[in-house]
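Here the structure comes first, spelled out in structure tokens, and everything after it is commentary.
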Amino acid sequence: MAISDIKEFAHLTEADVEALGEEFDAIRRDVEESRGAADEEYIRSIIKTQRRIEIAGRAALFGSVVPPLWMAGAALLGVAKILENMEIGHNVMHGQWDWMNDPEIHSATWEWDNVCPAEQWKHSHNYLHHTYTNVLGKDKDVGYEILRVTSDQKWNPVNLGQPVFNTLLMLLFQHGVAIHDLDIEGLLRRDIQDPEEFKAKLEQVGRKMRKQMGKDYILFPLLTGPFFITTLTANMAANLIRNVWSYAIIFCGHFPDGAEVFTEDQLENETQGEWYLRQLLGSANFTGNRLMHVMSGSLGYQIEHHLFPDLPSNRYPEIAERVKEICAKYDLPYNIGPFPKQFWKSIRTIWRLALPNKKFAAEQQAHESEGLRRDQATSTPSAEAEARRDRKEPVAA
């Protein structure tokens with residue numbers, strides 16, 4: 001169920017929440033004060049690597065009539081697009097590197113390799129999603145206006161098609177992102193809030209789509225001359241690779257079990273500490289090696305990203321260690337698991353919520369009972385933590 005009182009849900013006192021907020025503020029200050037040459041070298045090296053991979057992919061497609069070169073070109077371009085969208089574009093547009101004062105690597109000037117205009121993405125994602133994370137009715141990322149991802153959302157017979165809608169979203173993910181800042185709900189209700197704004201944004205999306213698709217499906221294929229068709233299909237494959245991977249990474253951070261949602265009541269007089277707590281409880285991480293995290297835009301550290309969206313992504317591993325310590329100190333959950341497991345949990349939720357609440361509730365109750373028995377068999381809360389919760393005492397600093 002959606003959370004309306006985050007302090008009560010987390011069993012924390014106001015003093016706890018205030019102290020927790022101060023500890024997260026301290027992490028921010030420490031990282032901001034220590035940013036320097038190593039961080040700058042990191043993002044420049046990632047950009048250089050991405051561009052070299054893209055050039056290699058484009059070069060391979062000049063022989064794309066040969067199957068191994070077609071496969072190499074498509075794979076290299078897919079990797080280049082993933083790197084550009086995830087570890088570079090997503091993070092640059094969050095302002096993670098604005099402190100460098102480099103006009104070429106700045107949130108105000110970066111335009112990514114995606115059909116979604118950067119300006120609209122920064123509004124729907126940086127502002128709406130990261131300000132109102134997982135708040136029903138405010139955060140459009142809760143189901144992306146087409147999926148039912150929590151039982152708090154009213155069931156409609158159209159939700160029976162969720163497995164199909166979800167598959168289409170995965171395959172066409174960049175196009176789903178492109179329309180994310182439009183008033184889609186208003187369009188479906190035939191009651192658009194601001195028709196002029198809707199029209200202007202739609203035209204902007206159209207221009208970006210024409211430019212992006214013209215580059216991928218006309219310009220670059222033409223440059224390979226007689227290999228136009230094979231280059232075209234390789235570019236389509238590269239975009240498909242990027243779409244599926246980006247979809248999987250993003251869904252793992254928002255929809256696994258334990259990623260909580262909230263009511264708008266939570267926003268009333270919300271303190272900085274409560275905002276931090278909402279980011280923590282509403283996000284999920286997955287495990288992986290360094291290459292896995294770079295290819296996922298460092299969103300395997302989704303919790304840290306939501307707590308500090310504008311801090312350099314290469315610092316998330318060290319930030320994560322401090323966040324885990326804070327979670328242990330305040331007896332708070334730190335939602336993390338293997339990538340396949342987190343992804344399966346997300347897909348399972350979407351499939352289950354295609355059904356009405358009664359059917360979903362029966363399955364959920366059985367699942368939770370099984371999980372409770374497993375948890376009780378492996379671990380029990382500390383007596384100290386239980387006593388503190390009962391007394392509502394603050395955590396010792």
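To be explicit about the labels: the chains of the structure tokens are called A, B, and onward in the order shown, and within each one the residues are counted from 1, while ligands get numbers from 1 in the order they are shown.
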Just the residues within 6 Å of segment 334-347 of chain A, please, counting only C-alpha atoms, with nothing from its chain fewer than 2 positions along; format it as a PDB file with C-alpha atoms, in the first residue's frame.
ATOM      1  CA  CYS A 252      15.263  -2.794 -12.013  1.00  0.00           C
ATOM      2  CA  PHE A 255       9.696  -1.695  -9.646  1.00  0.00           C
ATOM      3  CA  PRO A 256      11.191  -4.659  -7.734  1.00  0.00           C
ATOM      4  CA  ALA A 284      16.362  -0.489  -5.549  1.00  0.00           C
ATOM      5  CA  ASN A 285      19.935  -1.452  -6.425  1.00  0.00           C
ATOM      6  CA  PHE A 286      21.443  -4.444  -8.188  1.00  0.00           C
ATOM      7  CA  THR A 287      24.861  -6.038  -7.870  1.00  0.00           C
ATOM      8  CA  THR A 349       4.745  -7.332 -10.554  1.00  0.00           C
ATOM      9  CA  ILE A 350       3.653  -5.953 -13.929  1.00  0.00           C
TER      10      ILE A 350
END
Which neighbours of Asp310 of chain A fall inside 8 Å, counting only C-alpha atoms, when residues of the same chain fewer than 3 positions from it are skipped, and could you give them as a compact mmCIF listing (two decimals) with N, CA, C and O atoms, in the first residue's frame?
# COMPACT_ATOMS: atom_id res chain seq x y z
N ASN A 91 23.72 11.18 -17.09
CA ASN A 91 24.40 11.78 -15.94
C ASN A 91 24.85 13.21 -16.22
O ASN A 91 24.81 14.06 -15.32
N HIS A 94 21.96 15.45 -15.76
CA HIS A 94 21.62 15.62 -14.35
C HIS A 94 22.46 16.72 -13.70
O HIS A 94 22.22 17.08 -12.55
N GLY A 95 23.45 17.21 -14.42
CA GLY A 95 24.31 18.25 -13.86
C GLY A 95 25.47 17.70 -13.04
O GLY A 95 26.11 18.44 -12.29
N GLN A 96 25.78 16.41 -13.21
CA GLN A 96 26.83 15.80 -12.41
C GLN A 96 28.22 16.37 -12.70
O GLN A 96 29.11 16.28 -11.86
N TRP A 97 28.36 16.96 -13.88
CA TRP A 97 29.68 17.46 -14.29
C TRP A 97 29.66 18.97 -14.54
O TRP A 97 30.64 19.51 -15.07
N HIS A 305 21.86 7.16 -6.52
CA HIS A 305 21.52 8.14 -7.56
C HIS A 305 20.33 8.98 -7.15
O HIS A 305 20.30 10.19 -7.38
inquiry  = If I take atom CA of Pro157 of chain A and atom CA of Leu355 of chain A, how far is one from the other in Å, to one decimal?
reply    =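 A separation of 8.4 Å between them.
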With 12 Å as the cut-off and only C-alpha atoms counted, what is the closest atom pair between each nearby residue of segment 184-275 of chain A and segment 170-176 of chain A? Distances in Å to one decimal, ordered by chain and number, as a tab-separated table.
residue	atom	partner	partner_atom	distance
A:Ile184	CA	A:Gly176	CA	11.0
A:Val205	CA	A:His175	CA	9.5
A:Gly206	CA	A:His175	CA	10.8
A:Lys208	CA	A:His175	CA	10.8
A:Met209	CA	A:His175	CA	8.6
A:Gln212	CA	A:Gln174	CA	11.0
A:Met213	CA	A:His175	CA	11.1
A:Met236	CA	A:Leu171	CA	11.0
A:Ala237	CA	A:Leu171	CA	10.6
A:Ala238	CA	A:Leu171	CA	11.6
A:Asn239	CA	A:Gln174	CA	8.6
A:Leu240	CA	A:Leu171	CA	6.2
A:Ile241	CA	A:Leu171	CA	8.6
A:Arg242	CA	A:Gln174	CA	8.6
A:Asn243	CA	A:Phe173	CA	5.0
A:Val244	CA	A:Met170	CA	5.3
A:Trp245	CA	A:Met170	CA	8.5
A:Ser246	CA	A:Phe173	CA	7.6
A:Tyr247	CA	A:Met170	CA	5.6
A:Ala248	CA	A:Met170	CA	7.8
A:Ile249	CA	A:Met170	CA	10.9
A:Ile250	CA	A:Phe173	CA	10.6
A:Phe251	CA	A:Met170	CA	9.9
Considering only helix (DSSP H, G or I) as DSSP defines it on the backbone, what residues of segment 93-155 of chain A qualify? List them as a ChimeraX atom specification.
/A:93,98-100,118-131
Could those selected residues go to a file with C-alpha atoms, as a short mmCIF file (atom, residue, chain, number, x, y, z; two decimals), in the first residue's frame?
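Below is the file that was written, part37.cif:
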data_model
loop_
_atom_site.label_atom_id
_atom_site.label_comp_id
_atom_site.auth_asym_id
_atom_site.auth_seq_id
_atom_site.Cartn_x
_atom_site.Cartn_y
_atom_site.Cartn_z
CA MET A 93 22.06 16.14 -18.09
CA ASP A 98 28.50 21.10 -14.36
CA TRP A 99 31.11 21.94 -11.70
CA MET A 100 33.81 21.49 -14.38
CA ALA A 118 16.99 16.75 -23.82
CA GLU A 119 14.95 19.75 -22.66
CA GLN A 120 11.81 17.67 -22.18
CA TRP A 121 13.67 14.80 -20.55
CA LYS A 122 15.21 17.15 -18.00
CA HIS A 123 11.72 18.34 -17.03
CA SER A 124 9.98 14.95 -16.84
CA HIS A 125 12.94 13.16 -15.29
CA ASN A 126 15.18 15.60 -13.41
CA TYR A 127 12.32 17.69 -12.06
CA LEU A 128 9.12 15.62 -11.88
CA HIS A 129 10.60 12.19 -11.17
CA HIS A 130 13.45 13.17 -8.87
CA THR A 131 11.40 15.73 -6.95
#
- Task: Quick one: everything within 10 Å of Thr150 of chain A, counting only C-alpha atoms, minus sequence neighbours fewer than 5 positions away in the same chain. Send it as a list in words.
- Result: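 Returned residues: Met1, Ala2, Leu136, Val142, Gly143, Trp155, Phe255, Glu260, Val261, Thr349, Ile350, Arg352, Leu353 and Asn357 of chain A.
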Let me see the file: selected residues, all heavy atoms, as a CSV table (one decimal), in the first residue's frame.
chain,number,residue,atom,x,y,z
A,1,MET,N,0.8,-1.2,0.0
A,1,MET,CA,0.0,0.0,0.0
A,1,MET,C,0.9,1.2,0.0
A,1,MET,O,2.0,1.3,0.5
A,1,MET,CB,-0.9,0.0,1.2
A,1,MET,CG,-1.9,-1.2,1.3
A,1,MET,SD,-3.1,-1.1,0.0
A,1,MET,CE,-4.0,0.4,0.4
A,2,ALA,N,0.4,2.3,-0.6
A,2,ALA,CA,1.1,3.6,-0.6
A,2,ALA,C,1.3,4.2,0.8
A,2,ALA,O,0.4,4.1,1.6
A,2,ALA,CB,0.4,4.6,-1.5
A,136,LEU,N,2.3,8.9,-6.0
A,136,LEU,CA,1.2,8.6,-6.9
A,136,LEU,C,0.5,9.9,-7.3
A,136,LEU,O,0.1,10.7,-6.4
A,136,LEU,CB,0.2,7.7,-6.2
A,136,LEU,CG,0.7,6.3,-5.9
A,136,LEU,CD1,-0.4,5.5,-5.1
A,136,LEU,CD2,1.1,5.5,-7.2
A,142,VAL,N,5.8,6.4,-12.4
A,142,VAL,CA,5.1,5.3,-11.7
A,142,VAL,C,4.2,4.7,-12.8
A,142,VAL,O,3.0,5.1,-12.9
A,142,VAL,CB,4.3,5.8,-10.5
A,142,VAL,CG1,3.6,4.6,-9.8
A,142,VAL,CG2,5.2,6.4,-9.5
A,143,GLY,N,4.7,3.8,-13.5
A,143,GLY,CA,4.0,3.1,-14.6
A,143,GLY,C,4.0,3.8,-15.9
A,143,GLY,O,3.4,3.3,-16.9
A,155,TRP,N,-7.6,-0.4,-11.0
A,155,TRP,CA,-7.6,-1.4,-12.1
A,155,TRP,C,-8.6,-1.1,-13.1
A,155,TRP,O,-9.7,-0.6,-12.8
A,155,TRP,CB,-7.9,-2.8,-11.6
A,155,TRP,CG,-7.7,-3.9,-12.6
A,155,TRP,CD1,-6.6,-4.5,-13.1
A,155,TRP,CD2,-8.8,-4.4,-13.4
A,155,TRP,NE1,-6.9,-5.4,-14.1
A,155,TRP,CE2,-8.2,-5.4,-14.3
A,155,TRP,CE3,-10.2,-4.3,-13.4
A,155,TRP,CZ2,-9.0,-6.1,-15.2
A,155,TRP,CZ3,-11.0,-5.0,-14.3
A,155,TRP,CH2,-10.4,-5.9,-15.2
A,255,PHE,N,10.9,-0.9,-9.8
A,255,PHE,CA,9.7,-1.7,-9.6
A,255,PHE,C,9.9,-3.0,-9.0
A,255,PHE,O,8.9,-3.8,-8.9
A,255,PHE,CB,9.0,-1.9,-11.0
A,255,PHE,CG,8.7,-0.7,-11.7
A,255,PHE,CD1,9.1,-0.5,-13.0
A,255,PHE,CD2,8.0,0.4,-11.1
A,255,PHE,CE1,8.8,0.7,-13.7
A,255,PHE,CE2,7.7,1.6,-11.7
A,255,PHE,CZ,8.1,1.7,-13.1
A,260,GLU,N,9.0,1.2,-2.5
A,260,GLU,CA,7.7,1.7,-2.0
A,260,GLU,C,7.2,2.9,-2.9
A,260,GLU,O,7.9,3.6,-3.6
A,260,GLU,CB,7.9,2.2,-0.6
A,260,GLU,CG,8.5,1.2,0.4
A,260,GLU,CD,7.6,0.0,0.6
A,260,GLU,OE1,6.4,0.0,0.2
A,260,GLU,OE2,8.1,-1.1,1.1
A,261,VAL,N,5.9,3.1,-2.8
A,261,VAL,CA,5.2,4.3,-3.4
A,261,VAL,C,4.6,5.1,-2.3
A,261,VAL,O,4.3,4.6,-1.2
A,261,VAL,CB,4.2,3.8,-4.4
A,261,VAL,CG1,4.8,3.2,-5.6
A,261,VAL,CG2,3.1,2.9,-3.8
A,349,THR,N,5.7,-8.3,-11.1
A,349,THR,CA,4.7,-7.3,-10.6
A,349,THR,C,3.8,-6.8,-11.7
A,349,THR,O,2.6,-6.7,-11.5
A,349,THR,CB,5.5,-6.2,-9.9
A,349,THR,OG1,6.2,-6.7,-8.7
A,349,THR,CG2,4.5,-5.1,-9.4
A,350,ILE,N,4.4,-6.5,-12.8
A,350,ILE,CA,3.7,-6.0,-13.9
A,350,ILE,C,2.6,-7.0,-14.4
A,350,ILE,O,1.5,-6.7,-14.7
A,350,ILE,CB,4.6,-5.5,-15.1
A,350,ILE,CG1,5.4,-4.3,-14.6
A,350,ILE,CG2,3.8,-5.2,-16.3
A,350,ILE,CD1,6.5,-3.9,-15.5
A,352,ARG,N,1.4,-9.5,-12.7
A,352,ARG,CA,0.3,-9.7,-11.6
A,352,ARG,C,-0.7,-8.6,-11.6
A,352,ARG,O,-1.9,-8.8,-11.4
A,352,ARG,CB,1.0,-9.9,-10.3
A,352,ARG,CG,1.7,-11.3,-10.1
A,352,ARG,CD,2.3,-11.3,-8.7
A,352,ARG,NE,2.7,-12.7,-8.4
A,352,ARG,CZ,3.4,-13.0,-7.3
A,352,ARG,NH1,3.7,-12.1,-6.4
A,352,ARG,NH2,3.8,-14.3,-7.1
A,353,LEU,N,-0.2,-7.4,-11.7
A,353,LEU,CA,-1.1,-6.2,-11.6
A,353,LEU,C,-1.9,-6.0,-12.9
A,353,LEU,O,-2.7,-5.1,-12.9
A,353,LEU,CB,-0.3,-5.0,-11.3
A,353,LEU,CG,0.2,-5.0,-9.8
A,353,LEU,CD1,1.3,-3.9,-9.6
A,353,LEU,CD2,-1.0,-4.7,-8.9
A,357,ASN,N,-7.5,-6.4,-8.3
A,357,ASN,CA,-6.8,-6.5,-7.0
A,357,ASN,C,-7.1,-7.8,-6.2
A,357,ASN,O,-6.3,-8.3,-5.5
A,357,ASN,CB,-7.2,-5.3,-6.1
A,357,ASN,CG,-6.4,-4.1,-6.4
A,357,ASN,OD1,-5.4,-4.2,-7.1
A,357,ASN,ND2,-6.8,-3.0,-5.8
Using only C-alpha atoms, the best pick from A:Gly161, A:Glu14, A:Leu311, A:Lys140 as closest to Glu33 of chain A would be A:Leu311
